[in-house]
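**Q** Contents of data.cif (mmCIF, C-alpha atoms):
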data_target
loop_
_atom_site.label_atom_id
_atom_site.label_comp_id
_atom_site.auth_asym_id
_atom_site.auth_seq_id
_atom_site.Cartn_x
_atom_site.Cartn_y
_atom_site.Cartn_z
CA MET N 1 0.00 0.00 0.00
CA ASN N 2 1.38 3.36 -1.00
CA ARG N 3 0.20 6.75 0.13
CA HIS N 4 -0.10 9.49 -2.48
CA GLU N 5 -0.91 13.18 -2.28
CA LEU N 6 -2.95 15.25 -4.71
CA ASP N 7 -3.06 19.04 -4.56
CA CYS N 8 -6.43 20.40 -5.68
CA ARG N 9 -6.17 23.76 -3.94
CA ARG N 10 -7.94 26.61 -5.78
CA LEU N 11 -9.70 24.19 -8.09
CA LEU N 12 -13.45 24.41 -8.14
CA CYS N 13 -16.01 21.69 -8.57
CA PRO N 14 -15.84 19.44 -10.50
CA MET N 15 -12.08 19.71 -11.08
CA PRO N 16 -11.10 18.14 -7.72
CA VAL N 17 -13.32 15.17 -8.58
CA ILE N 18 -11.90 14.89 -12.09
CA ARG N 19 -8.31 15.05 -10.79
CA THR N 20 -9.14 12.46 -8.12
CA GLN N 21 -10.82 10.19 -10.67
CA ASN N 22 -7.86 10.42 -13.05
CA ARG N 23 -5.25 9.90 -10.33
CA VAL N 24 -7.09 6.94 -8.83
CA ALA N 25 -7.13 5.32 -12.28
CA GLU N 26 -3.32 5.28 -12.17
CA LEU N 27 -3.06 3.74 -8.68
CA ALA N 28 -3.14 0.16 -7.48
CA PRO N 29 -5.95 -1.32 -5.34
CA GLY N 30 -5.18 -0.64 -1.69
CA ASP N 31 -3.28 2.58 -2.39
CA VAL N 32 -4.36 5.63 -0.43
CA LEU N 33 -4.81 9.06 -1.98
CA ALA N 34 -5.02 12.22 0.15
CA VAL N 35 -6.62 15.07 -1.78
CA THR N 36 -6.15 18.62 -0.47
CA CYS N 37 -8.91 21.00 -1.58
CA THR N 38 -10.03 24.55 -0.94
CA ASP N 39 -13.47 24.18 -2.56
CA PRO N 40 -15.82 23.22 0.28
CA GLY N 41 -17.97 21.37 -2.27
CA ALA N 42 -15.26 18.71 -2.45
CA ALA N 43 -16.38 17.48 0.98
CA LYS N 44 -19.56 16.24 -0.66
CA ASP N 45 -18.45 15.56 -4.21
CA ILE N 46 -15.44 13.32 -3.61
CA PRO N 47 -17.34 11.09 -1.13
CA ALA N 48 -20.23 10.89 -3.65
CA TRP N 49 -17.76 9.93 -6.37
CA CYS N 50 -16.33 7.23 -4.05
CA ARG N 51 -19.78 5.79 -3.35
CA ILE N 52 -20.70 5.73 -7.04
CA ASN N 53 -17.47 4.13 -8.12
CA GLY N 54 -16.95 1.75 -5.23
CA HIS N 55 -13.87 3.33 -3.64
CA GLU N 56 -13.49 3.68 0.10
CA LEU N 57 -13.64 7.06 1.81
CA LEU N 58 -11.22 6.96 4.73
CA GLY N 59 -11.97 10.40 6.10
CA ILE N 60 -12.29 14.13 5.69
CA GLU N 61 -10.11 16.49 7.72
CA GLN N 62 -11.58 19.95 7.78
CA GLY N 63 -9.13 22.82 8.33
CA ASP N 64 -9.83 26.56 8.40
CA ASP N 65 -9.27 27.19 4.73
CA GLU N 66 -8.78 23.77 3.25
CA LEU N 67 -9.79 20.17 3.67
CA VAL N 68 -8.13 16.85 3.04
CA VAL N 69 -10.22 14.00 1.67
CA THR N 70 -8.58 10.59 1.95
CA VAL N 71 -9.59 7.74 -0.33
CA ARG N 72 -8.55 4.08 -0.49
CA VAL N 73 -8.50 2.67 -4.01
CA VAL N 74 -10.65 -0.41 -4.43
CA ALA N 75 -10.18 -2.85 -7.32
CA ASP N 76 -12.38 -2.08 -10.33
CA PRO N 77 -15.68 -3.86 -9.79
CA ASP N 78 -15.69 -4.70 -13.52
CA MET T 1 -30.21 -15.75 -22.36
CA SER T 2 -29.69 -12.64 -24.44
CA LYS T 3 -26.65 -10.48 -23.85
CA GLN T 4 -27.19 -7.53 -21.56
CA ARG T 5 -26.79 -4.39 -23.58
CA LYS T 6 -24.84 -1.40 -22.30
CA ALA T 7 -25.64 2.25 -22.80
CA VAL T 8 -23.71 5.36 -21.91
CA ALA T 9 -25.99 8.22 -20.89
CA LEU T 10 -25.02 11.89 -21.11
CA ILE T 11 -25.74 13.17 -17.61
CA SER T 12 -25.93 16.93 -17.19
CA GLY T 13 -27.27 16.89 -13.65
CA GLY T 14 -30.70 18.10 -14.76
CA LEU T 15 -33.99 16.27 -14.84
CA ASP T 16 -34.23 15.25 -18.49
CA SER T 17 -31.01 13.27 -18.67
CA MET T 18 -31.86 11.69 -15.32
CA LEU T 19 -35.23 10.52 -16.67
CA ALA T 20 -33.80 9.34 -19.97
CA ALA T 21 -31.23 7.18 -18.20
CA ARG T 22 -33.90 5.73 -15.89
CA VAL T 23 -36.24 4.90 -18.80
CA VAL T 24 -33.51 2.79 -20.38
CA GLN T 25 -32.35 1.30 -17.07
CA GLU T 26 -35.93 0.23 -16.45
CA GLN T 27 -35.73 -1.90 -19.57
CA GLY T 28 -32.83 -3.92 -18.21
CA VAL T 29 -30.04 -2.09 -19.98
CA HIS T 30 -26.78 -1.54 -18.08
CA VAL T 31 -26.30 2.23 -17.96
CA GLU T 32 -23.25 4.28 -17.05
CA GLY T 33 -23.16 8.05 -17.11
CA ILE T 34 -20.77 10.45 -18.76
CA ASN T 35 -20.51 14.12 -17.91
CA PHE T 36 -18.41 16.70 -19.71
CA PHE T 37 -16.74 19.65 -18.03
CA THR T 38 -16.28 22.56 -20.44
CA GLY T 39 -15.31 25.15 -17.84
CA PHE T 40 -18.53 27.04 -18.56
CA CYS T 41 -20.76 24.75 -16.53
CA VAL T 42 -22.87 26.65 -14.00
CA GLU T 43 -22.65 23.55 -11.85
CA GLY T 44 -21.00 24.01 -8.50
CA HIS T 45 -18.62 26.87 -9.12
CA THR T 46 -20.58 29.91 -8.11
CA HIS T 47 -22.01 28.06 -5.13
CA ALA T 48 -18.51 27.39 -3.96
CA ILE T 49 -17.40 30.99 -4.25
CA ARG T 50 -20.01 33.37 -2.93
CA LYS T 51 -20.57 33.54 0.77
CA GLN T 52 -24.18 34.60 0.21
CA ASP T 53 -24.78 31.27 -1.55
CA GLU T 54 -23.55 29.24 1.41
CA ALA T 55 -27.03 27.95 2.12
CA LYS T 56 -27.33 26.43 -1.36
CA PRO T 57 -26.29 22.79 -1.63
CA LYS T 58 -22.63 22.55 -2.59
CA ARG T 59 -22.99 19.43 -4.59
CA ASN T 60 -22.26 18.39 -8.10
CA ASN T 61 -25.64 17.59 -9.58
CA ALA T 62 -24.29 15.10 -12.11
CA LEU T 63 -22.75 13.05 -9.30
CA TRP T 64 -25.91 13.39 -7.29
CA VAL T 65 -28.04 12.19 -10.23
CA ALA T 66 -25.72 9.23 -10.82
CA GLU T 67 -26.08 8.28 -7.18
CA GLN T 68 -29.87 8.47 -7.38
CA LEU T 69 -29.79 6.26 -10.46
CA GLY T 70 -27.24 3.88 -8.95
CA ILE T 71 -24.93 4.20 -11.93
CA ARG T 72 -21.25 4.94 -12.35
CA LEU T 73 -20.36 8.38 -13.65
CA HIS T 74 -17.34 9.28 -15.73
CA ILE T 75 -16.51 12.99 -15.67
CA VAL T 76 -14.41 14.12 -18.59
CA ASP T 77 -12.39 17.34 -18.68
CA ILE T 78 -12.85 18.82 -22.17
CA VAL T 79 -11.78 22.39 -21.34
CA GLU T 80 -8.99 22.49 -23.94
CA GLU T 81 -10.80 20.66 -26.71
CA TYR T 82 -13.89 22.74 -26.16
CA LYS T 83 -12.10 25.85 -27.37
CA GLY T 84 -12.44 24.54 -30.92
CA VAL T 85 -16.21 24.39 -30.44
CA LEU T 86 -16.60 27.81 -28.85
CA LEU T 87 -14.19 29.74 -31.05
CA ASN T 88 -15.31 28.36 -34.41
CA PRO T 89 -18.84 26.99 -34.18
CA ARG T 90 -19.84 25.56 -37.53
CA HIS T 91 -23.50 26.24 -36.81
CA GLY T 92 -22.94 29.63 -35.20
CA TYR T 93 -24.03 31.02 -31.87
CA GLY T 94 -27.40 31.29 -30.20
CA LYS T 95 -28.62 34.47 -28.59
CA ASN T 96 -25.31 34.96 -26.77
CA LEU T 97 -21.96 33.17 -27.16
CA ASN T 98 -23.64 29.79 -26.82
CA PRO T 99 -22.71 27.38 -29.59
CA CYS T 100 -25.42 24.92 -28.49
CA LEU T 101 -25.71 22.79 -31.61
CA ASP T 102 -21.96 22.41 -32.10
CA CYS T 103 -21.66 21.71 -28.38
CA LYS T 104 -24.19 18.89 -28.54
CA VAL T 105 -22.54 17.42 -31.66
CA PHE T 106 -19.18 17.56 -29.90
CA MET T 107 -20.37 15.97 -26.67
CA VAL T 108 -22.27 13.19 -28.40
CA GLY T 109 -19.17 12.61 -30.55
CA LYS T 110 -17.00 12.33 -27.43
CA ALA T 111 -19.52 9.97 -25.85
CA HIS T 112 -19.41 7.91 -29.06
CA GLU T 113 -15.62 7.62 -28.77
CA TRP T 114 -16.02 6.53 -25.14
CA MET T 115 -18.74 4.05 -26.13
CA ARG T 116 -16.49 2.35 -28.66
CA GLU T 117 -13.46 2.32 -26.38
CA HIS T 118 -15.43 0.70 -23.57
CA GLY T 119 -17.50 -1.78 -25.58
CA PHE T 120 -20.86 -0.13 -24.99
CA ASP T 121 -23.73 -0.47 -27.45
CA PHE T 122 -25.50 2.87 -27.66
CA ILE T 123 -25.81 6.41 -26.33
CA VAL T 124 -28.70 7.91 -24.41
CA THR T 125 -29.49 11.61 -24.14
CA GLY T 126 -32.29 13.52 -22.46
CA GLU T 127 -33.05 15.60 -25.54
CA VAL T 128 -36.66 16.49 -26.23
CA VAL T 129 -37.75 17.62 -29.67
CA GLY T 130 -38.80 21.26 -29.68
CA GLN T 131 -37.47 21.99 -26.23
CA ARG T 132 -34.51 24.21 -27.04
CA PRO T 133 -34.48 26.83 -29.77
CA MET T 134 -31.10 25.91 -31.18
CA SER T 135 -30.06 22.36 -30.43
CA GLN T 136 -33.30 20.49 -29.78
CA ARG T 137 -35.46 21.16 -32.83
CA SER T 138 -36.77 18.52 -35.22
CA ALA T 139 -34.41 19.91 -37.87
CA THR T 140 -31.33 19.75 -35.66
CA LEU T 141 -31.72 16.42 -33.87
CA PRO T 142 -30.62 14.52 -37.03
CA VAL T 143 -27.65 16.89 -37.36
CA VAL T 144 -26.42 15.81 -33.91
CA ALA T 145 -26.69 12.12 -34.82
CA ASP T 146 -25.03 12.58 -38.22
CA GLU T 147 -22.22 14.99 -37.43
CA SER T 148 -21.23 13.26 -34.19
CA GLY T 149 -20.81 10.03 -36.15
CA VAL T 150 -23.03 8.04 -33.80
CA GLY T 151 -25.86 7.67 -36.33
CA ASP T 152 -28.66 5.39 -35.24
CA ARG T 153 -26.95 4.32 -32.03
CA LEU T 154 -28.22 7.53 -30.45
CA LEU T 155 -31.43 6.99 -28.49
CA ARG T 156 -33.54 9.82 -27.06
CA PRO T 157 -35.91 7.94 -24.80
CA LEU T 158 -38.02 10.97 -23.88
CA CYS T 159 -39.07 11.72 -27.47
CA ALA T 160 -38.13 8.51 -29.32
CA GLN T 161 -41.68 7.82 -30.45
CA ARG T 162 -41.61 11.03 -32.48
CA LEU T 163 -38.35 10.11 -34.21
CA PRO T 164 -37.31 7.41 -36.70
CA GLU T 165 -36.52 4.05 -35.14
CA THR T 166 -32.96 3.67 -33.90
CA LEU T 167 -30.75 0.59 -33.78
CA PRO T 168 -31.48 -0.23 -30.12
CA GLU T 169 -35.21 -0.24 -30.94
CA ARG T 170 -34.88 -2.25 -34.17
CA GLU T 171 -32.70 -4.82 -32.48
CA GLY T 172 -35.08 -5.13 -29.55
CA TRP T 173 -32.50 -3.94 -27.00
CA VAL T 174 -35.21 -1.54 -25.86
CA ASP T 175 -38.96 -1.64 -26.40
CA ARG T 176 -40.07 1.40 -28.41
CA ASP T 177 -43.54 1.18 -26.90
CA ARG T 178 -42.06 1.88 -23.48
CA LEU T 179 -40.26 4.99 -24.67
CA HIS T 180 -41.91 8.42 -24.77
CA ASP T 181 -43.28 11.05 -27.13
CA PHE T 182 -42.54 14.27 -25.28
CA SER T 183 -42.19 17.46 -27.28
CA GLY T 184 -42.05 21.20 -26.80
CA ARG T 185 -41.14 23.36 -23.87
CA SER T 186 -43.69 22.17 -21.35
CA ARG T 187 -42.14 20.47 -18.36
CA LYS T 188 -45.31 18.74 -17.27
CA PRO T 189 -44.61 15.33 -18.90
CA GLN T 190 -41.15 15.27 -17.33
CA MET T 191 -42.55 16.14 -13.92
CA ALA T 192 -45.17 13.42 -14.20
CA LEU T 193 -42.53 10.89 -15.17
CA ALA T 194 -40.30 12.05 -12.30
CA GLU T 195 -43.18 11.46 -9.96
CA ARG T 196 -43.75 7.98 -11.38
CA PHE T 197 -40.08 7.16 -10.82
CA GLY T 198 -40.20 8.60 -7.30
CA PHE T 199 -37.74 11.40 -8.02
CA GLU T 200 -38.80 14.03 -5.53
CA GLU T 201 -35.78 16.28 -5.81
CA TYR T 202 -33.99 17.35 -8.96
CA ALA T 203 -32.08 20.35 -10.27
CA GLN T 204 -33.87 22.67 -12.66
CA PRO T 205 -31.40 25.49 -13.23
CA ALA T 206 -33.12 28.60 -14.55
CA GLY T 207 -31.44 29.70 -17.76
CA GLY T 208 -29.76 26.38 -18.38
CA CYS T 209 -26.55 24.89 -17.12
CA CYS T 210 -24.04 26.84 -19.19
CA PHE T 211 -22.69 30.33 -18.56
CA LEU T 212 -22.45 30.92 -22.31
CA THR T 213 -26.23 31.29 -22.49
CA ASP T 214 -25.97 34.20 -20.05
CA ALA T 215 -25.85 37.66 -21.68
CA THR T 216 -23.70 39.24 -18.94
CA TYR T 217 -21.19 36.43 -18.96
CA SER T 218 -20.98 36.45 -22.76
CA ALA T 219 -20.37 40.21 -22.72
CA LYS T 220 -17.48 39.72 -20.29
CA LEU T 221 -15.97 37.03 -22.49
CA ALA T 222 -16.32 39.20 -25.62
CA ASP T 223 -14.67 42.08 -23.71
CA LEU T 224 -11.77 39.81 -22.73
CA TRP T 225 -11.18 38.79 -26.33
CA GLN T 226 -11.42 42.35 -27.58
CA ALA T 227 -9.01 43.70 -24.96
CA ARG T 228 -6.43 41.04 -25.69
CA GLY T 229 -6.88 41.16 -29.44
CA ASP T 230 -7.06 37.39 -29.39
CA ARG T 231 -10.02 35.04 -29.16
CA ASP T 232 -8.43 32.67 -26.71
CA TYR T 233 -8.80 31.81 -23.02
CA ASP T 234 -7.63 29.46 -20.33
CA LEU T 235 -9.48 27.94 -17.40
CA ASP T 236 -8.45 30.76 -15.02
CA ASP T 237 -9.84 33.35 -17.44
CA ILE T 238 -13.25 31.74 -17.61
CA MET T 239 -13.36 31.15 -13.86
CA LEU T 240 -12.55 34.78 -13.13
CA LEU T 241 -15.36 35.94 -15.43
CA LYS T 242 -17.76 34.29 -12.99
CA VAL T 243 -16.47 36.22 -10.00
CA GLY T 244 -16.55 39.82 -8.82
CA ARG T 245 -17.32 43.18 -10.28
CA HIS T 246 -15.47 43.75 -13.58
CA LEU T 247 -14.51 47.33 -14.46
CA ARG T 248 -12.49 48.36 -17.49
CA PRO T 249 -11.41 51.98 -16.96
CA ARG T 250 -8.88 51.83 -19.79
CA PRO T 251 -8.81 49.56 -22.85
CA HIS T 252 -5.55 47.93 -21.76
CA PHE T 253 -6.53 46.86 -18.24
CA LYS T 254 -9.50 45.90 -16.14
CA LEU T 255 -10.13 45.32 -12.47
CA VAL T 256 -11.81 42.31 -10.95
CA ILE T 257 -13.11 43.53 -7.61
CA ALA T 258 -14.43 41.12 -5.00
CA ARG T 259 -18.00 41.89 -3.90
CA GLU T 260 -18.01 39.93 -0.69
CA GLU T 261 -15.99 37.72 1.62
CA GLY T 262 -16.33 34.52 -0.38
CA GLU T 263 -15.08 36.25 -3.50
CA VAL T 264 -12.18 37.83 -1.58
CA LYS T 265 -11.13 34.36 -0.51
CA PHE T 266 -11.41 33.06 -4.04
CA LEU T 267 -9.46 35.94 -5.60
CA GLN T 268 -6.73 35.59 -2.96
CA GLY T 269 -5.78 32.39 -4.74
CA TYR T 270 -4.78 34.49 -7.78
CA ARG T 271 -2.54 36.99 -5.97
CA ARG T 272 0.66 35.48 -7.34
CA GLN T 273 -0.57 35.62 -10.92
CA PHE T 274 -1.88 39.18 -10.96
CA THR T 275 -0.96 42.61 -9.74
CA HIS T 276 -3.47 43.20 -6.99
CA LEU T 277 -4.72 45.93 -4.71
CA VAL T 278 -6.18 45.87 -1.25
CA THR T 279 -7.19 48.73 1.01
CA ARG T 280 -5.03 49.17 4.10
CA SER T 281 -6.57 52.03 6.11
CA HIS T 282 -10.16 50.83 5.72
CA ALA T 283 -11.89 47.51 5.27
CA GLY T 284 -12.30 46.87 1.58
CA PRO T 285 -12.22 44.45 -1.26
CA LEU T 286 -9.36 42.67 -2.95
CA ALA T 287 -8.98 43.60 -6.62
CA LEU T 288 -6.95 41.95 -9.36
CA VAL T 289 -5.53 43.91 -12.28
CA ASP T 290 -5.89 42.08 -15.58
CA GLY T 291 -3.77 43.66 -18.30
CA LYS T 292 -0.82 46.01 -18.32
CA ALA T 293 -1.18 48.96 -16.02
CA ASP T 294 1.43 51.72 -15.60
CA ALA T 295 1.88 53.88 -12.49
CA GLY T 296 -0.92 56.26 -13.51
CA ASP T 297 -3.24 53.36 -14.22
CA LEU T 298 -2.48 51.82 -10.83
CA GLU T 299 -3.26 55.09 -9.09
CA LEU T 300 -6.60 55.19 -10.89
CA ALA T 301 -7.13 51.54 -9.91
CA ALA T 302 -6.39 52.40 -6.27
CA ARG T 303 -8.95 55.22 -6.37
CA ILE T 304 -11.56 52.84 -7.79
CA VAL T 305 -10.83 50.19 -5.17
CA ALA T 306 -11.02 52.86 -2.46
CA ARG T 307 -14.45 53.76 -3.82
CA TYR T 308 -15.64 50.22 -3.10
CA SER T 309 -14.15 50.19 0.42
CA GLN T 310 -15.47 51.36 3.76
CA GLY T 311 -13.44 54.50 3.19
CA ARG T 312 -15.49 55.63 0.21
CA ASP T 313 -16.45 58.87 2.00
CA ALA T 314 -13.03 59.49 3.55
CA GLU T 315 -10.71 62.15 2.16
CA ARG T 316 -7.90 59.67 1.66
CA VAL T 317 -7.59 55.91 1.69
CA GLU T 318 -4.38 53.92 1.90
CA VAL T 319 -4.22 51.15 -0.65
CA ASP T 320 -1.56 48.47 -0.95
CA VAL T 321 -0.54 47.89 -4.54
CA VAL T 322 1.25 44.59 -5.00
CA PRO T 323 2.79 44.06 -8.44
CA ARG T 324 2.86 40.53 -9.76
CA GLY T 325 5.94 38.94 -8.25
CA GLY T 326 7.00 42.23 -6.64
CA GLU T 327 7.03 44.13 -3.37
CA ALA T 328 3.93 45.86 -2.04
CA ARG T 329 3.87 49.63 -1.88
CA THR T 330 1.25 51.73 -0.21
CA VAL T 331 -0.39 54.64 -2.00
CA THR T 332 -2.68 57.19 -0.40
CA VAL T 333 -5.47 58.28 -2.72
CA PRO T 334 -8.79 60.10 -2.67
CA PRO T 335 -11.57 57.61 -3.48
CA LEU T 336 -13.35 58.26 -6.76
CA ALA T 337 -16.78 59.77 -6.30
CA ALA T 338 -19.75 57.69 -7.44
CA GLY T 339 -20.27 59.94 -10.45
CA GLU T 340 -16.66 59.50 -11.51
CA ILE T 341 -17.17 55.84 -12.39
CA PRO T 342 -18.91 55.86 -15.77
CA ALA T 343 -21.41 53.09 -16.48
CA ALA T 344 -19.36 52.21 -19.55
CA TRP T 345 -16.52 51.01 -17.30
CA HIS T 346 -18.69 48.20 -15.98
CA VAL T 347 -18.17 45.15 -18.16
#
Translate this structure into C-alpha cells?
**A**
Amino acid sequence: MNRHELDCRRLLCPMPVIRTQNRVAELAPGDVLAVTCTDPGAAKDIPAWCRINGHELLGIEQGDDELVVTVRVVADPD
Amino acid sequence: MSKQRKAVALISGGLDSMLAARVVQEQGVHVEGINFFTGFCVEGHTHAIRKQDEAKPKRNNALWVAEQLGIRLHIVDIVEEYKGVLLNPRHGYGKNLNPCLDCKVFMVGKAHEWMREHGFDFIVTGEVVGQRPMSQRSATLPVVADESGVGDRLLRPLCAQRLPETLPEREGWVDRDRLHDFSGRSRKPQMALAERFGFEEYAQPAGGCCFLTDATYSAKLADLWQARGDRDYDLDDIMLLKVGRHLRPRPHFKLVIAREEGEVKFLQGYRRQFTHLVTRSHAGPLALVDGKADAGDLELAARIVARYSQGRDAERVEVDVVPRGGEARTVTVPPLAAGEIPAAWHV
C-alpha cells in the first residue's frame, strides 16, 4: 500500500473530482490518496464519487481554509 | 439468455437526462453516465465561491443524479478541446456566445468515442424535440446524430416515439412502446414521469446549465477577447469571469473587484498571478488587475478600489498595490466619487 498526495487547492467543482478520478485510475488497489482542496464542495463531491465508483472514503479532515479527503483505491468492480 | 446491452448516458445533472437514463435502465439495460466539463458549466462553481450562496447545496448535480440512479459516472475534462467548439462553431451562436448545436454534436461525438473504447452499445441523451431553440429542434436532432458520427446508435428515450426508429429499438435492445413522445417546452410530462419514478428532488437550473447562455457572462468574455486582441482563453480566465465586479477603466486593463468575503477568498488564490490591490486604512475588497497597467493606471485603480471600500467617504484611503511577483507599496489616494465611475466602465 502506498500513500499518495494530490493538490487540488484553488480548483473548483468538479475539477477536484476529475483530478481524483484520473489519479485513482493510475493507482493500485489498496493505495491511499489524500486530496487537499479549498473548494468546500469537495467534501460532498469526492465522497459521492467514491460511493458511485466503489472506492473507500477513509476520512475528511476539515481545516480553516482547506480540507483533506482521503480515499482508499478499491479494485475495479468490472 | 440474451446479452445484456450497455448504454452510456449523457448526464448533465438536470432532470431530463436523469429521466432518460432511468427509462432505459428500467428496460434492463446496463447504464453508465458520462458528464463533460467545459469550464462554462454553471454547476457548482458559483455556489462554492459566494458567501451569500452558502445555504445552497454545494454538490455536483451530475454526481448526485448518478447516485440516485445507482450508476457509475465518468466525468471528462474537455476544457482544452472545447475551445475549438466555442471559437469556431460551424452552426454559429445562439442568442449569446452559446454554440449549443456544435456543443451537442461535440459531446455526443465524445460519448461515441467513449462508447467504442469501452464496448458499450449505444448512447442515451435527455433531448426532447422542440425543447430548445437551437439544439433540440426537429431539424437539428438529425444533425447531432449525423455529425457526431453516432448515427442510429443515439437513443432519445423521452421523445423517441416522435423520431425514426434507432438501432437499439430495431434490435429489440429496448422496447419502443415503453419509450416516450414528449415534445415542446412544457415540463409537465417530465414532472409526471419524475413522480412515477419517485424522483422528488432534482435540479432545474433557470437559464440552463451553461454560462455561455448568459448575456452578462458572454459580454465579459467578448470584452476579454477584444481587450487582448485574441479570441483565446484558459481555465483561469473563464473562472474569473464568474467572479466579482469587472470594471475596465482603460482599454488595456481591467479590475476584478471582490464583492463579498467569499469572493475575496477566491481571488486571494490568484494573488501570485496578478498585480493586486487591497485597502489598508479601511476595510475593503481585494482587486486583481488584468492587463498592463502603468503607475498612472495603478493610481486610478487604487482610487476605484477605495471607492468600493469602507473609506469611500473618507478624504484619503491607503491602498496596498502589489505588483505581480513584486514588493507591495502603499499609496494614499482620494476615493473616486460615485459619479466618476462611468457606467461604460462596468463590463
**Q** Suppose a student applies the PyMOL selection byres ((chain N and resi 63) around 12) to this structure; what residues should they get, written as a ChimeraX atom specification?
**A** /N:36-40,43,60-62,64-69
**Q** On this structure, which residues satisfy the PyMOL selection byres ((chain T and resi 184) around 9), written as a list in words?
**A**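 That selection, the PyMOL selection byres ((chain T and resi 184) around 9), comes back as Val128, Val129, Gly130, Gln131, Arg132, Arg137, Phe182, Ser183, Arg185, Ser186 and Arg187 of chain T.
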**Q** Could you please take those selected residues and save C-alpha atoms as an mmCIF file, keeping the file's coordinate frame?
**A**
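Written output follows (out.cif):
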data_model
loop_
_atom_site.group_PDB
_atom_site.id
_atom_site.type_symbol
_atom_site.label_atom_id
_atom_site.label_comp_id
_atom_site.auth_asym_id
_atom_site.auth_seq_id
_atom_site.Cartn_x
_atom_site.Cartn_y
_atom_site.Cartn_z
ATOM 1 C CA VAL T 128 -36.660 16.490 -26.230
ATOM 2 C CA VAL T 129 -37.750 17.620 -29.670
ATOM 3 C CA GLY T 130 -38.800 21.260 -29.680
ATOM 4 C CA GLN T 131 -37.470 21.990 -26.230
ATOM 5 C CA ARG T 132 -34.510 24.210 -27.040
ATOM 6 C CA ARG T 137 -35.460 21.160 -32.830
ATOM 7 C CA PHE T 182 -42.540 14.270 -25.280
ATOM 8 C CA SER T 183 -42.190 17.460 -27.280
ATOM 9 C CA ARG T 185 -41.140 23.360 -23.870
ATOM 10 C CA SER T 186 -43.690 22.170 -21.350
ATOM 11 C CA ARG T 187 -42.140 20.470 -18.360
#
**Q** Using the chain letters and numbering of this document, enumerate as a list of chain:residue names the residues selected by the PyMOL selection byres ((chain N and resi 15) around 10).
**A**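 On this input, the PyMOL selection byres ((chain N and resi 15) around 10) captures N:Cys8, N:Arg10, N:Leu11, N:Leu12, N:Cys13, N:Pro14, N:Pro16, N:Val17, N:Ile18, N:Arg19, N:Thr20, N:Gln21, N:Asp39, N:Ala42, T:Phe37, T:Gly39, T:His45, T:Ile75, T:Val76, T:Asp77.
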**Q** One number please: CA of Gly291 in chain T to CA of Tyr308 in chain T, in Å, one decimal.
**A**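 Taking CA of Gly291 in chain T and CA of Tyr308 in chain T, their separation equals 20.4 Å.
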**Q** Go through T:Arg316, T:Arg248, T:Arg72, T:His180 one by one, measure the shortest atom-to-atom distance of each to Leu288 in chain T using all atoms listed in the file, and give the residue with the smallest value.
**A** T:Arg248
**Q** Need the shell around Lys220 in chain T: protein/DNA/RNA residues with any atom at most 9 Å away, counting all atoms listed in the file. Skip same-chain ones fewer than 5 positions apart. Format as JSON, numbers by chain?
**A** {"T": [215, 225, 241, 246, 347]}
**Q** Save the residues we just selected, C-alpha atoms, as a short mmCIF file (atom, residue, chain, number, x, y, z; two decimals), in the coordinates of the input?
**A**
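Once written, part_7.cif looks like this:
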data_model
loop_
_atom_site.label_atom_id
_atom_site.label_comp_id
_atom_site.auth_asym_id
_atom_site.auth_seq_id
_atom_site.Cartn_x
_atom_site.Cartn_y
_atom_site.Cartn_z
CA ALA T 215 -25.85 37.66 -21.68
CA TRP T 225 -11.18 38.79 -26.33
CA LEU T 241 -15.36 35.94 -15.43
CA HIS T 246 -15.47 43.75 -13.58
CA VAL T 347 -18.17 45.15 -18.16
#
**Q** Residues near Val289 in chain T, anyone? I mean within 6 Å using all atoms listed in the file, not counting same-chain ones fewer than 3 positions away, as a list in words.
**A**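 Residues meeting the cut-off are Lys254, Leu255, Thr275 and His276 of chain T.
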**Q** Name all residues at most 8 Å from Thr332 in chain T (count only C-alpha atoms; drop same-chain ones fewer than 4 positions away) and give them as a ChimeraX atom specification.
**A** /T:316-319
**Q** Take the residues that were just selected and, keeping C-alpha atoms, output them as a PDB file, in the coordinates of the input.
**A**
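Produced file again_17.pdb, reproduced below:
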ATOM      1  CA  ARG T 316      -7.900  59.670   1.660  1.00  0.00           C
ATOM      2  CA  VAL T 317      -7.590  55.910   1.690  1.00  0.00           C
ATOM      3  CA  GLU T 318      -4.380  53.920   1.900  1.00  0.00           C
ATOM      4  CA  VAL T 319      -4.220  51.150  -0.650  1.00  0.00           C
TER       5      VAL T 319
END
**Q** Could you state the separation of CA of Ser148 in chain T and CA of Ser12 in chain T in Å, given to one decimal place?
**A** 18.0 Å
**Q** Would you work out the distance separating CA of Ala66 in chain T from CA of Met18 in chain T, expressed in Å to one decimal?
**A**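 Computing the Euclidean distance for CA of Ala66 in chain T and CA of Met18 in chain T yields 8.0 Å.
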**Q** Between T:Ala160, T:Val42, T:Ile304, T:Ala287, which is the closest to chain N once you count all atoms listed in the file?
**A** T:Val42
**Q** As AutoDock Vina command-line options, please: the centre and edge lengths in Å, to one decimal, of an axis-aligned box enclosing every listed atom of range 181-193 of chain T with 5 Å added on each side.
**A**
--center_x -43.2 --center_y 17.1 --center_z -20.6 --size_x 14.2 --size_y 22.5 --size_z 23.4
**Q** Have a look at T:Gln268, T:Pro334, T:Cys103, T:Leu19 and name the one nearest to Glu195 in chain T; count all atoms listed in the file.
**A**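 Among T:Gln268, T:Pro334, T:Cys103, T:Leu19, it is T:Leu19 that comes nearest to Glu195 in chain T.
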**Q** Can you pull out the residues contacting range 71-74 of chain N? Cut-off 8 Å, using all atoms listed in the file, and skip same-chain residues under 3 positions away; I want them as a PDB file with C-alpha atoms, in the frame of the given file.
**A**
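Saved to part.pdb:
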ATOM      1  CA  VAL N  24      -7.090   6.940  -8.830  1.00  0.00           C
ATOM      2  CA  LEU N  27      -3.060   3.740  -8.680  1.00  0.00           C
ATOM      3  CA  ALA N  28      -3.140   0.160  -7.480  1.00  0.00           C
ATOM      4  CA  PRO N  29      -5.950  -1.320  -5.340  1.00  0.00           C
ATOM      5  CA  GLY N  30      -5.180  -0.640  -1.690  1.00  0.00           C
ATOM      6  CA  ASP N  31      -3.280   2.580  -2.390  1.00  0.00           C
ATOM      7  CA  VAL N  32      -4.360   5.630  -0.430  1.00  0.00           C
ATOM      8  CA  LEU N  33      -4.810   9.060  -1.980  1.00  0.00           C
ATOM      9  CA  ALA N  34      -5.020  12.220   0.150  1.00  0.00           C
ATOM     10  CA  CYS N  50     -16.330   7.230  -4.050  1.00  0.00           C
ATOM     11  CA  GLY N  54     -16.950   1.750  -5.230  1.00  0.00           C
ATOM     12  CA  HIS N  55     -13.870   3.330  -3.640  1.00  0.00           C
ATOM     13  CA  GLU N  56     -13.490   3.680   0.100  1.00  0.00           C
ATOM     14  CA  LEU N  57     -13.640   7.060   1.810  1.00  0.00           C
ATOM     15  CA  LEU N  58     -11.220   6.960   4.730  1.00  0.00           C
ATOM     16  CA  GLY N  59     -11.970  10.400   6.100  1.00  0.00           C
TER      17      GLY N  59
END
